[in-house]
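Trainee: Below is run-v4.pdb; it holds PDB, C-alpha atoms.
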```
ATOM      1  CA  MET A  66      36.621  62.970 100.032
ATOM      2  CA  SER A  67      34.334  60.736  97.950
ATOM      3  CA  SER A  68      33.075  61.463  94.463
ATOM      4  CA  ILE A  69      29.439  62.506  94.151
ATOM      5  CA  LEU A  70      29.664  62.876  90.366
ATOM      6  CA  GLU A  71      31.595  60.649  87.973
ATOM      7  CA  VAL A  72      31.534  61.150  84.208
ATOM      8  CA  ASN A  73      33.160  58.257  82.367
ATOM      9  CA  ASN A  74      34.231  58.235  78.691
ATOM     10  CA  LEU A  75      31.299  60.391  77.619
ATOM     11  CA  GLU A  76      30.506  60.885  73.931
ATOM     12  CA  VAL A  77      27.872  63.371  72.782
ATOM     13  CA  LEU A  78      26.489  63.735  69.274
ATOM     14  CA  TYR A  79      24.418  66.648  67.956
ATOM     15  CA  ASN A  80      21.965  66.226  65.082
ATOM     16  CA  ASN A  81      23.221  62.664  64.586
ATOM     17  CA  ILE A  82      26.352  64.000  62.906
ATOM     18  CA  ILE A  83      28.463  66.388  65.036
ATOM     19  CA  LEU A  84      30.606  64.660  67.657
ATOM     20  CA  VAL A  85      31.150  67.254  70.410
ATOM     21  CA  LEU A  86      32.386  65.228  73.384
ATOM     22  CA  LYS A  87      34.937  62.535  72.582
ATOM     23  CA  GLY A  88      35.458  60.272  75.563
ATOM     24  CA  LEU A  89      35.344  62.894  78.316
ATOM     25  CA  SER A  90      35.848  61.853  81.936
ATOM     26  CA  LEU A  91      35.794  63.923  85.128
ATOM     27  CA  LYS A  92      34.888  63.712  88.805
ATOM     28  CA  VAL A  93      33.474  66.092  91.386
ATOM     29  CA  GLU A  94      34.226  65.314  95.006
ATOM     30  CA  LYS A  95      31.736  65.915  97.771
ATOM     31  CA  GLY A  96      31.808  69.531  98.977
ATOM     32  CA  SER A  97      34.447  70.624  96.453
ATOM     33  CA  ILE A  98      34.638  73.310  93.778
ATOM     34  CA  VAL A  99      35.797  71.991  90.405
ATOM     35  CA  ALA A 100      36.671  74.307  87.516
ATOM     36  CA  LEU A 101      36.076  73.202  83.916
ATOM     37  CA  LEU A 102      38.077  75.452  81.604
ATOM     38  CA  GLY A 103      38.633  75.699  77.876
ATOM     39  CA  SER A 104      38.303  77.949  74.871
ATOM     40  CA  ASN A 105      34.983  78.646  73.120
ATOM     41  CA  GLY A 106      33.674  75.532  71.419
ATOM     42  CA  ALA A 107      35.651  73.111  73.575
ATOM     43  CA  GLY A 108      32.467  71.427  74.820
ATOM     44  CA  LYS A 109      32.163  72.846  78.344
ATOM     45  CA  SER A 110      28.477  73.803  78.170
ATOM     46  CA  THR A 111      27.670  70.540  76.391
ATOM     47  CA  THR A 112      29.251  68.686  79.317
ATOM     48  CA  LEU A 113      26.952  70.445  81.787
ATOM     49  CA  LYS A 114      23.894  69.845  79.611
ATOM     50  CA  ALA A 115      24.754  66.152  79.360
ATOM     51  CA  ILE A 116      24.877  65.940  83.158
ATOM     52  CA  SER A 117      21.665  67.916  83.702
ATOM     53  CA  GLY A 118      19.708  66.076  80.989
ATOM     54  CA  PHE A 119      19.143  69.020  78.644
ATOM     55  CA  LEU A 120      20.765  67.535  75.527
ATOM     56  CA  PRO A 121      17.557  66.194  73.914
ATOM     57  CA  LEU A 122      16.130  69.722  73.941
ATOM     58  CA  GLU A 123      18.896  70.741  71.514
ATOM     59  CA  ASP A 124      18.947  67.610  69.312
ATOM     60  CA  GLY A 125      21.879  66.249  71.270
ATOM     61  CA  ALA A 126      22.333  62.734  72.607
ATOM     62  CA  ILE A 127      24.751  60.721  74.714
ATOM     63  CA  THR A 128      26.033  57.983  72.408
ATOM     64  CA  ASP A 129      28.561  56.375  74.745
ATOM     65  CA  GLY A 130      29.802  56.574  78.323
ATOM     66  CA  THR A 131      28.123  56.920  81.704
ATOM     67  CA  ILE A 132      27.262  59.565  84.289
ATOM     68  CA  TYR A 133      26.996  58.490  87.925
ATOM     69  CA  TYR A 134      25.670  60.668  90.735
ATOM     70  CA  LYS A 135      26.114  59.336  94.277
ATOM     71  CA  GLY A 136      26.829  55.931  92.785
ATOM     72  CA  GLU A 137      23.628  55.821  90.695
ATOM     73  CA  SER A 138      23.480  56.135  86.911
ATOM     74  CA  ILE A 139      21.724  59.290  85.696
ATOM     75  CA  THR A 140      23.029  58.955  82.137
ATOM     76  CA  ARG A 141      19.691  59.368  80.377
ATOM     77  CA  LEU A 142      17.355  60.698  83.061
ATOM     78  CA  THR A 143      15.075  63.642  82.297
ATOM     79  CA  PRO A 144      15.992  67.078  83.707
ATOM     80  CA  HIS A 145      13.231  67.210  86.329
ATOM     81  CA  LYS A 146      14.304  63.843  87.763
ATOM     82  CA  ILE A 147      17.926  64.980  87.877
ATOM     83  CA  VAL A 148      16.936  68.156  89.757
ATOM     84  CA  LYS A 149      15.019  66.080  92.278
ATOM     85  CA  LYS A 150      18.142  63.989  92.882
ATOM     86  CA  GLY A 151      20.094  67.125  93.832
ATOM     87  CA  ILE A 152      21.746  68.567  90.692
ATOM     88  CA  PHE A 153      20.863  72.052  89.495
ATOM     89  CA  GLN A 154      22.375  73.859  86.509
ATOM     90  CA  VAL A 155      22.549  77.665  86.367
ATOM     91  CA  MET A 156      22.506  78.289  82.640
ATOM     92  CA  GLU A 157      24.780  80.616  80.699
ATOM     93  CA  GLY A 158      23.188  84.006  80.088
ATOM     94  CA  ARG A 159      21.202  83.978  83.349
ATOM     95  CA  ARG A 160      17.841  82.860  81.842
ATOM     96  CA  VAL A 161      15.488  84.521  84.319
ATOM     97  CA  PHE A 162      11.757  84.483  83.698
ATOM     98  CA  GLU A 163      11.595  88.130  82.689
ATOM     99  CA  ASP A 164       7.813  88.542  82.974
ATOM    100  CA  LEU A 165       7.702  87.057  86.469
ATOM    101  CA  THR A 166       8.649  88.836  89.676
ATOM    102  CA  VAL A 167      11.730  88.030  91.719
ATOM    103  CA  GLU A 168       9.433  86.243  94.169
ATOM    104  CA  GLU A 169       7.876  84.118  91.429
ATOM    105  CA  ASN A 170      11.281  83.237  89.961
ATOM    106  CA  LEU A 171      12.473  82.045  93.353
ATOM    107  CA  ILE A 172       9.347  79.990  93.957
ATOM    108  CA  CYS A 173       9.975  78.236  90.629
ATOM    109  CA  GLY A 174      13.302  77.057  92.027
ATOM    110  CA  ALA A 175      11.573  75.583  95.069
ATOM    111  CA  TYR A 176       9.096  73.427  93.161
ATOM    112  CA  THR A 177      10.690  70.203  94.474
ATOM    113  CA  GLN A 178      10.161  71.265  98.092
ATOM    114  CA  LYS A 179       7.024  70.291  99.993
ATOM    115  CA  SER A 180       7.400  72.299 103.204
ATOM    116  CA  ARG A 181       6.354  75.967 103.115
ATOM    117  CA  ALA A 182       8.248  76.539 106.344
ATOM    118  CA  GLN A 183      11.442  75.202 104.797
ATOM    119  CA  ILE A 184      10.936  77.358 101.702
ATOM    120  CA  ALA A 185      10.622  80.413 103.942
ATOM    121  CA  LEU A 186      13.859  79.502 105.725
ATOM    122  CA  ASP A 187      15.634  78.989 102.415
ATOM    123  CA  LEU A 188      14.382  82.340 101.148
ATOM    124  CA  ASP A 189      15.841  84.041 104.217
ATOM    125  CA  LYS A 190      19.121  82.257 103.505
ATOM    126  CA  CYS A 191      19.131  83.608  99.937
ATOM    127  CA  PHE A 192      18.471  87.121 101.181
ATOM    128  CA  LYS A 193      21.458  86.885 103.510
ATOM    129  CA  TYR A 194      23.669  86.075 100.519
ATOM    130  CA  PHE A 195      21.948  88.611  98.238
ATOM    131  CA  PRO A 196      20.179  91.323 100.286
ATOM    132  CA  ILE A 197      19.289  93.305  97.166
ATOM    133  CA  LEU A 198      16.839  90.576  96.129
ATOM    134  CA  LYS A 199      14.749  91.177  99.234
ATOM    135  CA  ARG A 200      14.446  94.839  98.320
ATOM    136  CA  SER A 201      13.482  93.844  94.759
ATOM    137  CA  TYR A 202      11.143  91.025  95.753
ATOM    138  CA  LYS A 203       8.083  92.330  93.863
ATOM    139  CA  ARG A 204       9.946  93.688  90.822
ATOM    140  CA  LEU A 205       9.772  92.010  87.447
ATOM    141  CA  ALA A 206      12.974  90.057  86.872
ATOM    142  CA  GLY A 207      13.344  91.543  83.395
ATOM    143  CA  TYR A 208      13.985  94.972  84.926
ATOM    144  CA  LEU A 209      16.861  93.815  87.120
ATOM    145  CA  SER A 210      20.456  94.614  86.188
ATOM    146  CA  GLY A 211      22.685  91.856  84.829
ATOM    147  CA  GLY A 212      24.333  91.418  88.209
ATOM    148  CA  GLU A 213      20.995  91.251  90.014
ATOM    149  CA  GLN A 214      19.751  88.668  87.540
ATOM    150  CA  GLN A 215      22.852  86.545  88.187
ATOM    151  CA  MET A 216      22.154  86.776  91.908
ATOM    152  CA  LEU A 217      18.575  85.750  91.222
ATOM    153  CA  VAL A 218      19.433  82.613  89.227
ATOM    154  CA  ILE A 219      21.953  81.488  91.837
ATOM    155  CA  SER A 220      19.328  82.030  94.540
ATOM    156  CA  ARG A 221      16.778  80.156  92.449
ATOM    157  CA  ALA A 222      19.214  77.261  92.329
ATOM    158  CA  LEU A 223      19.658  77.386  96.110
ATOM    159  CA  LEU A 224      15.892  77.073  96.572
ATOM    160  CA  ALA A 225      16.160  73.641  94.958
ATOM    161  CA  THR A 226      18.571  72.647  97.782
ATOM    162  CA  PRO A 227      21.096  71.016  95.441
ATOM    163  CA  THR A 228      24.015  68.873  96.528
ATOM    164  CA  LEU A 229      25.731  69.778  93.249
ATOM    165  CA  MET A 230      25.325  73.180  91.601
ATOM    166  CA  MET A 231      26.654  73.641  88.059
ATOM    167  CA  LEU A 232      27.429  77.226  87.049
ATOM    168  CA  ASP A 233      27.897  78.112  83.383
ATOM    169  CA  GLU A 234      29.834  81.374  82.876
ATOM    170  CA  PRO A 235      28.567  83.268  85.961
ATOM    171  CA  SER A 236      30.863  86.234  85.210
ATOM    172  CA  MET A 237      29.574  86.790  81.667
ATOM    173  CA  GLY A 238      28.689  90.430  80.991
ATOM    174  CA  LEU A 239      29.334  91.616  84.542
ATOM    175  CA  ALA A 240      31.591  94.419  85.765
ATOM    176  CA  PRO A 241      34.845  93.224  87.394
ATOM    177  CA  MET A 242      33.897  94.370  90.907
ATOM    178  CA  LEU A 243      30.563  92.584  90.673
ATOM    179  CA  VAL A 244      32.273  89.442  89.364
ATOM    180  CA  GLU A 245      34.480  89.351  92.458
ATOM    181  CA  GLU A 246      31.408  89.739  94.676
ATOM    182  CA  ILE A 247      29.583  86.898  92.911
ATOM    183  CA  PHE A 248      32.590  84.608  93.209
ATOM    184  CA  GLU A 249      32.993  85.380  96.903
ATOM    185  CA  ILE A 250      29.381  84.363  97.447
ATOM    186  CA  ILE A 251      29.930  81.157  95.449
ATOM    187  CA  LYS A 252      32.753  80.354  97.875
ATOM    188  CA  LYS A 253      30.480  81.062 100.849
ATOM    189  CA  ILE A 254      27.713  78.852  99.468
ATOM    190  CA  ASN A 255      30.201  76.032  99.022
ATOM    191  CA  LYS A 256      31.564  76.467 102.540
ATOM    192  CA  ASN A 257      28.346  77.197 104.432
ATOM    193  CA  GLU A 258      25.935  74.874 102.633
ATOM    194  CA  GLY A 259      28.379  72.126 101.686
ATOM    195  CA  THR A 260      27.181  72.421  98.082
ATOM    196  CA  ALA A 261      29.626  71.022  95.542
ATOM    197  CA  ILE A 262      30.219  73.331  92.570
ATOM    198  CA  LEU A 263      31.089  72.445  88.969
ATOM    199  CA  LEU A 264      32.161  75.762  87.481
ATOM    200  CA  VAL A 265      32.480  76.581  83.781
ATOM    201  CA  GLU A 266      34.171  79.953  83.444
ATOM    202  CA  GLN A 267      36.182  81.955  80.884
ATOM    203  CA  ASN A 268      37.969  83.864  83.647
ATOM    204  CA  ALA A 269      40.448  81.056  84.287
ATOM    205  CA  GLN A 270      42.449  82.901  86.931
ATOM    206  CA  LEU A 271      39.433  83.641  89.097
ATOM    207  CA  ALA A 272      37.933  80.183  88.580
ATOM    208  CA  LEU A 273      41.131  78.435  89.647
ATOM    209  CA  GLU A 274      41.567  80.739  92.650
ATOM    210  CA  ILE A 275      38.297  79.542  94.233
ATOM    211  CA  SER A 276      38.479  75.897  93.101
ATOM    212  CA  ASN A 277      40.036  72.774  94.584
ATOM    213  CA  TYR A 278      40.576  70.955  91.313
ATOM    214  CA  GLY A 279      40.580  71.867  87.639
ATOM    215  CA  TYR A 280      40.032  70.267  84.241
ATOM    216  CA  ILE A 281      41.061  71.801  80.931
ATOM    217  CA  MET A 282      39.163  70.880  77.772
ATOM    218  CA  GLU A 283      40.020  71.128  74.113
ATOM    219  CA  THR A 284      37.847  69.908  71.229
ATOM    220  CA  GLY A 285      35.711  67.656  73.379
ATOM    221  CA  ARG A 286      38.475  66.067  75.448
ATOM    222  CA  ILE A 287      40.184  66.665  78.775
ATOM    223  CA  VAL A 288      43.806  67.517  77.992
ATOM    224  CA  LEU A 289      45.001  68.372  81.496
ATOM    225  CA  ASP A 290      43.697  68.119  85.043
ATOM    226  CA  GLY A 291      44.991  68.400  88.582
ATOM    227  CA  PRO A 292      44.815  70.271  91.888
ATOM    228  CA  VAL A 293      44.630  74.007  91.264
ATOM    229  CA  ASP A 294      47.939  74.786  92.980
ATOM    230  CA  ILE A 295      49.627  72.534  90.410
ATOM    231  CA  LEU A 296      47.679  73.928  87.458
ATOM    232  CA  LEU A 297      48.470  77.532  88.396
ATOM    233  CA  LYS A 298      52.182  76.712  88.192
ATOM    234  CA  ASP A 299      51.920  74.800  84.922
ATOM    235  CA  ARG A 300      53.696  76.581  82.065
ATOM    236  CA  ASP A 301      51.072  75.638  79.466
ATOM    237  CA  VAL A 302      48.186  76.774  81.672
ATOM    238  CA  GLN A 303      49.947  80.059  82.354
ATOM    239  CA  GLU A 304      50.613  80.576  78.656
ATOM    240  CA  PHE A 305      47.289  79.495  77.171
ATOM    241  CA  TYR A 306      44.783  80.477  79.865
ATOM    242  CA  LEU A 307      46.292  82.976  82.291
ATOM    243  CA  GLY A 308      47.868  85.378  79.769
ATOM    244  CA  MET A 309      51.366  84.880  81.122
ATOM    245  CA  GLY A 310      53.103  83.910  77.872
ATOM    246  CA  ASP A 311      55.882  85.838  76.161
ATOM    247  CA  GLY A 312      53.452  87.733  73.963
ATOM    248  CA  ASN A 313      54.613  86.273  70.623
ATOM    249  CA  ASP A 314      51.856  85.868  68.056
ATOM    250  CA  ASN A 315      52.302  82.121  67.828
ATOM    251  CA  THR A 316      51.823  81.540  71.574
ATOM    252  CA  SER A 317      49.266  84.162  72.584
ATOM    253  CA  TYR A 318      45.904  83.049  73.938
ATOM    254  CA  ARG A 319      44.256  84.733  70.934
ATOM    255  CA  ASN A 320      45.878  82.222  68.608
ATOM    256  CA  VAL A 321      45.699  79.206  70.892
ATOM    257  CA  LYS A 322      43.719  77.154  68.364
ATOM    258  CA  HIS A 323      46.571  77.445  65.880
ATOM    259  CA  TYR A 324      49.369  76.780  68.295
ATOM    260  CA  LYS A 325      51.151  73.442  68.114
ATOM    261  CA  ARG A 326      50.534  71.750  71.445
ATOM    262  CA  ARG A 327      53.248  70.046  73.376
ATOM    263  CA  LYS A 328      53.135  66.282  73.118
ATOM    264  CA  ARG A 329      51.727  65.755  76.592
ATOM    265  CA  TRP A 330      48.688  67.918  75.750
ATOM    266  CA  LEU A 331      47.944  65.604  72.844
ATOM    267  CA  SER A 332      48.460  62.358  74.738
TER     268      SER A 332
END
```
In structure tokens, write the structure found in this file.
Mentor:
Amino acid sequence: MSSILEVNNLEVLYNNIILVLKGLSLKVEKGSIVALLGSNGAGKSTTLKAISGFLPLEDGAITDGTIYYKGESITRLTPHKIVKKGIFQVMEGRRVFEDLTVEENLICGAYTQKSRAQIALDLDKCFKYFPILKRSYKRLAGYLSGGEQQMLVISRALLATPTLMMLDEPSMGLAPMLVEEIFEIIKKINKNEGTAILLVEQNAQLALEISNYGYIMETGRIVLDGPVDILLKDRDVQEFYLGMGDGNDNTSYRNVKHYKRRKRWLS
């Protein structure tokens, strides 16, 4: 497989003072699912916003490093140009347009498309993945349940026909059964559409189960990466992210920030 996204030695500064990303590098291969894991504040969402061009909206800026998509630099492109190139970010917290209908939300996702016939075909595709949206087509998005809103924002992303879809915490606030359903559909989208997925997710076990490759972040850096079958067997990953430690206070996930890392995590 060839890389469609390459992030090289990226540094991101907020408000000209807070260094959030400190030389971060990662790749996403064509048609793959890549998990980006880490504790709160590690810089996962900032990484996605740097790729999608949203940093200036939050007084953030890329101060060093490069981002290449399909071999072309997109390091400082505006969000609408990045979407047109084939990258779409599904934001944390769903972010539907609450005062618009489901139909209107979906049409917003298709603004880069020119063909009405193709939009209609893509809508039918979304309804096959999420039939409930067809039944709720004329409802205001603000009245949908949390799970329905998550289905809506993923469908809205599909209407943009992305080659790379970035998902930020898709399981947040959802019931476990619904989370499993959402993740199964993410797998189907990846398989059926060939859409590469960059997945930020607190549920490390579930994220690694559907991914091909994983990166683990701490304080703005990648501290470990590898194929998911290797990561799932790694003692540190099991202890810090999968809740499989011995339960002592000094090694529990709850106290991971205060735990002395092994030397290879700090290298």
Trainee: What are the closest atom pairs, with distances in Å to one decimal, for each residue of region 200-299 of chain A lying within 7 Å of region 99-115 of chain A, using all atoms listed in the file, rows by chain and rising residue number, as CSV?
Mentor:
```
residue,atom,partner,partner_atom,distance
A:Asp233,CA,A:Ser110,CA,6.8
A:Ile262,CA,A:Val99,CA,6.1
A:Leu263,CA,A:Val99,CA,4.9
A:Leu264,CA,A:Ala100,CA,4.7
A:Val265,CA,A:Leu101,CA,4.9
A:Glu266,CA,A:Leu102,CA,6.2
A:Gln267,CA,A:Leu102,CA,6.8
A:Ala269,CA,A:Leu102,CA,6.7
A:Ala272,CA,A:Ala100,CA,6.1
A:Leu273,CA,A:Ala100,CA,6.4
A:Ser276,CA,A:Val99,CA,5.5
A:Asn277,CA,A:Val99,CA,6.0
A:Tyr278,CA,A:Val99,CA,5.0
A:Gly279,CA,A:Ala100,CA,4.6
A:Tyr280,CA,A:Leu101,CA,4.9
A:Ile281,CA,A:Leu102,CA,4.8
A:Met282,CA,A:Gly103,CA,4.8
A:Glu283,CA,A:Ala107,CA,4.8
A:Thr284,CA,A:Ala107,CA,4.5
A:Gly285,CA,A:Gly108,CA,5.2
```
Trainee: Report as a ChimeraX atom specification all protein, DNA and RNA residues lying within 10 Å of region 246-260 of chain A, evaluated on only C-alpha atoms, omitting residues in the same chain fewer than 2 positions from it.
Mentor: /A:95-98,151-152,191,194-195,212,215-216,219,223,226-230,232,235-236,239,241-244,262-264,271-272,274-276
Trainee: So which residues touch Glu94 (chain A) within 9 Å, counting all atoms listed in the file, skipping near sequence neighbours fewer than 5 positions away, as a PDB file with C-alpha atoms, keeping the file's coordinate frame?
Mentor:
```pdb
ATOM      1  CA  MET A  66      36.621  62.970 100.032  1.00  0.00           C
ATOM      2  CA  SER A  67      34.334  60.736  97.950  1.00  0.00           C
ATOM      3  CA  SER A  68      33.075  61.463  94.463  1.00  0.00           C
ATOM      4  CA  ILE A  69      29.439  62.506  94.151  1.00  0.00           C
ATOM      5  CA  LEU A  70      29.664  62.876  90.366  1.00  0.00           C
ATOM      6  CA  GLU A  71      31.595  60.649  87.973  1.00  0.00           C
ATOM      7  CA  VAL A  99      35.797  71.991  90.405  1.00  0.00           C
ATOM      8  CA  ALA A 261      29.626  71.022  95.542  1.00  0.00           C
TER       9      ALA A 261
END
```
Trainee: List every residue of region 163-184 of chain A that has an atom at most 12 Å from any atom of region 128-147 of chain A, giving for each one its closest atom pair and the distance in Å to one decimal, counting all atoms listed in the file, sorted by chain and then by ascending residue number, as a Markdown table.
Mentor:
```
| residue | atom | partner | partner_atom | distance |
| --- | --- | --- | --- | --- |
| A:Gly174 | CA | A:His145 | CA | 11.4 |
| A:Tyr176 | CA | A:His145 | CA | 10.1 |
| A:Thr177 | CA | A:His145 | CA | 9.0 |
```
Trainee: Record the distance separating CA of Ala222 (chain A) and CA of Val155 (chain A), expressed in Å with one decimal.
Mentor: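 Spanning CA of Ala222 (chain A) to CA of Val155 (chain A) is a straight-line distance of 6.8 Å.
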Trainee: Could you tell me which of A:Leu120, A:Leu89, A:Val288, A:Ala240 comes closest to Glu213 (chain A) if we count only C-alpha atoms?
Mentor: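 When distances to Glu213 (chain A) are compared using only C-alpha atoms, the smallest one comes from A:Ala240.
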Trainee: In Å to one decimal, how far is CA of Arg221 (chain A) from CA of Lys193 (chain A)?
Mentor: 13.8 Å
Trainee: Which value, in Å to one decimal, gives the distance between CA of Ala185 (chain A) and CA of Lys199 (chain A)?
Mentor: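 We find that CA of Ala185 (chain A) and CA of Lys199 (chain A) lie 12.5 Å from each other.
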Trainee: Ranking A:Ser210, A:Ser90, A:Gln178, A:Gln154 by minimum distance to Leu224 (chain A) and counting only C-alpha atoms, which one comes first?
Mentor: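 That would be A:Gln178, the residue with the smallest distance to Leu224 (chain A).
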Trainee: Using only C-alpha atoms, determine which residues lie at most 12 Å from Lys298 (chain A), disregarding the query and same-chain residues fewer than 4 positions distant; provide the list as a VMD selection string.
Mentor: chain A and resid 270 273 291 to 294 302 to 304 306 to 307 309
Trainee: Just so the selection is clear, what residues does the PyMOL selection byres ((chain A and resi 201) around 12) cover here, as a list in words?
Mentor: Thr166, Val167, Glu168, Glu169, Asn170, Leu171, Phe192, Phe195, Pro196, Ile197, Leu198, Lys199, Arg200, Tyr202, Lys203, Arg204, Leu205, Ala206, Gly207, Tyr208, Leu209, Ser210, Glu213, Gln214, Met216 and Leu217 of chain A
Trainee: Could you check the closest approach to Gly238 (chain A) for each of A:Leu297, A:Val72, A:Leu186, A:Gly158 and tell me which residue wins, using all atoms listed in the file?
Mentor: A:Gly158
Trainee: Please complete region 183-201 of chain A with N, CA, C and O atoms and give it back as a PDB file, in the coordinates of the input.
Mentor:
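Okay, this is what ended up in result_22.pdb:
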```pdb
ATOM      1  N   GLN A 183      10.073  75.347 105.272  1.00  0.00           N
ATOM      2  CA  GLN A 183      11.442  75.202 104.797  1.00  0.00           C
ATOM      3  C   GLN A 183      11.733  76.169 103.658  1.00  0.00           C
ATOM      4  O   GLN A 183      12.830  76.733 103.576  1.00  0.00           O
ATOM      5  N   ILE A 184      10.760  76.392 102.794  1.00  0.00           N
ATOM      6  CA  ILE A 184      10.936  77.358 101.702  1.00  0.00           C
ATOM      7  C   ILE A 184      11.189  78.744 102.273  1.00  0.00           C
ATOM      8  O   ILE A 184      12.057  79.486 101.801  1.00  0.00           O
ATOM      9  N   ALA A 185      10.436  79.104 103.317  1.00  0.00           N
ATOM     10  CA  ALA A 185      10.622  80.413 103.942  1.00  0.00           C
ATOM     11  C   ALA A 185      12.021  80.538 104.539  1.00  0.00           C
ATOM     12  O   ALA A 185      12.670  81.593 104.421  1.00  0.00           O
ATOM     13  N   LEU A 186      12.499  79.480 105.173  1.00  0.00           N
ATOM     14  CA  LEU A 186      13.859  79.502 105.725  1.00  0.00           C
ATOM     15  C   LEU A 186      14.901  79.641 104.620  1.00  0.00           C
ATOM     16  O   LEU A 186      15.880  80.381 104.768  1.00  0.00           O
ATOM     17  N   ASP A 187      14.680  78.927 103.519  1.00  0.00           N
ATOM     18  CA  ASP A 187      15.634  78.989 102.415  1.00  0.00           C
ATOM     19  C   ASP A 187      15.613  80.357 101.740  1.00  0.00           C
ATOM     20  O   ASP A 187      16.648  80.844 101.271  1.00  0.00           O
ATOM     21  N   LEU A 188      14.457  80.980 101.684  1.00  0.00           N
ATOM     22  CA  LEU A 188      14.382  82.340 101.148  1.00  0.00           C
ATOM     23  C   LEU A 188      15.194  83.304 102.007  1.00  0.00           C
ATOM     24  O   LEU A 188      15.933  84.149 101.490  1.00  0.00           O
ATOM     25  N   ASP A 189      15.062  83.184 103.321  1.00  0.00           N
ATOM     26  CA  ASP A 189      15.841  84.041 104.217  1.00  0.00           C
ATOM     27  C   ASP A 189      17.332  83.821 104.007  1.00  0.00           C
ATOM     28  O   ASP A 189      18.132  84.774 104.058  1.00  0.00           O
ATOM     29  N   LYS A 190      17.719  82.571 103.766  1.00  0.00           N
ATOM     30  CA  LYS A 190      19.121  82.257 103.505  1.00  0.00           C
ATOM     31  C   LYS A 190      19.599  82.968 102.236  1.00  0.00           C
ATOM     32  O   LYS A 190      20.683  83.552 102.208  1.00  0.00           O
ATOM     33  N   CYS A 191      18.776  82.927 101.188  1.00  0.00           N
ATOM     34  CA  CYS A 191      19.131  83.608  99.937  1.00  0.00           C
ATOM     35  C   CYS A 191      19.284  85.108 100.148  1.00  0.00           C
ATOM     36  O   CYS A 191      20.196  85.732  99.590  1.00  0.00           O
ATOM     37  N   PHE A 192      18.411  85.681 100.953  1.00  0.00           N
ATOM     38  CA  PHE A 192      18.471  87.121 101.181  1.00  0.00           C
ATOM     39  C   PHE A 192      19.706  87.515 101.993  1.00  0.00           C
ATOM     40  O   PHE A 192      20.179  88.648 101.891  1.00  0.00           O
ATOM     41  N   LYS A 193      20.211  86.608 102.794  1.00  0.00           N
ATOM     42  CA  LYS A 193      21.458  86.885 103.510  1.00  0.00           C
ATOM     43  C   LYS A 193      22.635  86.925 102.545  1.00  0.00           C
ATOM     44  O   LYS A 193      23.557  87.728 102.710  1.00  0.00           O
ATOM     45  N   TYR A 194      22.618  86.047 101.531  1.00  0.00           N
ATOM     46  CA  TYR A 194      23.669  86.075 100.519  1.00  0.00           C
ATOM     47  C   TYR A 194      23.498  87.266  99.575  1.00  0.00           C
ATOM     48  O   TYR A 194      24.482  87.902  99.176  1.00  0.00           O
ATOM     49  N   PHE A 195      22.238  87.564  99.227  1.00  0.00           N
ATOM     50  CA  PHE A 195      21.948  88.611  98.238  1.00  0.00           C
ATOM     51  C   PHE A 195      20.854  89.538  98.778  1.00  0.00           C
ATOM     52  O   PHE A 195      19.688  89.428  98.388  1.00  0.00           O
ATOM     53  N   PRO A 196      21.200  90.456  99.677  1.00  0.00           N
ATOM     54  CA  PRO A 196      20.179  91.323 100.286  1.00  0.00           C
ATOM     55  C   PRO A 196      19.380  92.135  99.275  1.00  0.00           C
ATOM     56  O   PRO A 196      18.208  92.462  99.526  1.00  0.00           O
ATOM     57  N   ILE A 197      19.984  92.469  98.147  1.00  0.00           N
ATOM     58  CA  ILE A 197      19.289  93.305  97.166  1.00  0.00           C
ATOM     59  C   ILE A 197      18.036  92.614  96.625  1.00  0.00           C
ATOM     60  O   ILE A 197      17.083  93.276  96.219  1.00  0.00           O
ATOM     61  N   LEU A 198      18.011  91.284  96.638  1.00  0.00           N
ATOM     62  CA  LEU A 198      16.839  90.576  96.129  1.00  0.00           C
ATOM     63  C   LEU A 198      15.628  90.772  97.042  1.00  0.00           C
ATOM     64  O   LEU A 198      14.486  90.775  96.571  1.00  0.00           O
ATOM     65  N   LYS A 199      15.867  90.929  98.317  1.00  0.00           N
ATOM     66  CA  LYS A 199      14.749  91.177  99.234  1.00  0.00           C
ATOM     67  C   LYS A 199      14.118  92.534  98.958  1.00  0.00           C
ATOM     68  O   LYS A 199      12.889  92.681  99.006  1.00  0.00           O
ATOM     69  N   ARG A 200      14.962  93.502  98.634  1.00  0.00           N
ATOM     70  CA  ARG A 200      14.446  94.839  98.320  1.00  0.00           C
ATOM     71  C   ARG A 200      13.750  94.863  96.957  1.00  0.00           C
ATOM     72  O   ARG A 200      12.966  95.765  96.693  1.00  0.00           O
ATOM     73  N   SER A 201      14.063  93.888  96.114  1.00  0.00           N
ATOM     74  CA  SER A 201      13.482  93.844  94.759  1.00  0.00           C
ATOM     75  C   SER A 201      12.456  92.731  94.614  1.00  0.00           C
ATOM     76  O   SER A 201      12.134  92.317  93.491  1.00  0.00           O
TER      77      SER A 201
END
```
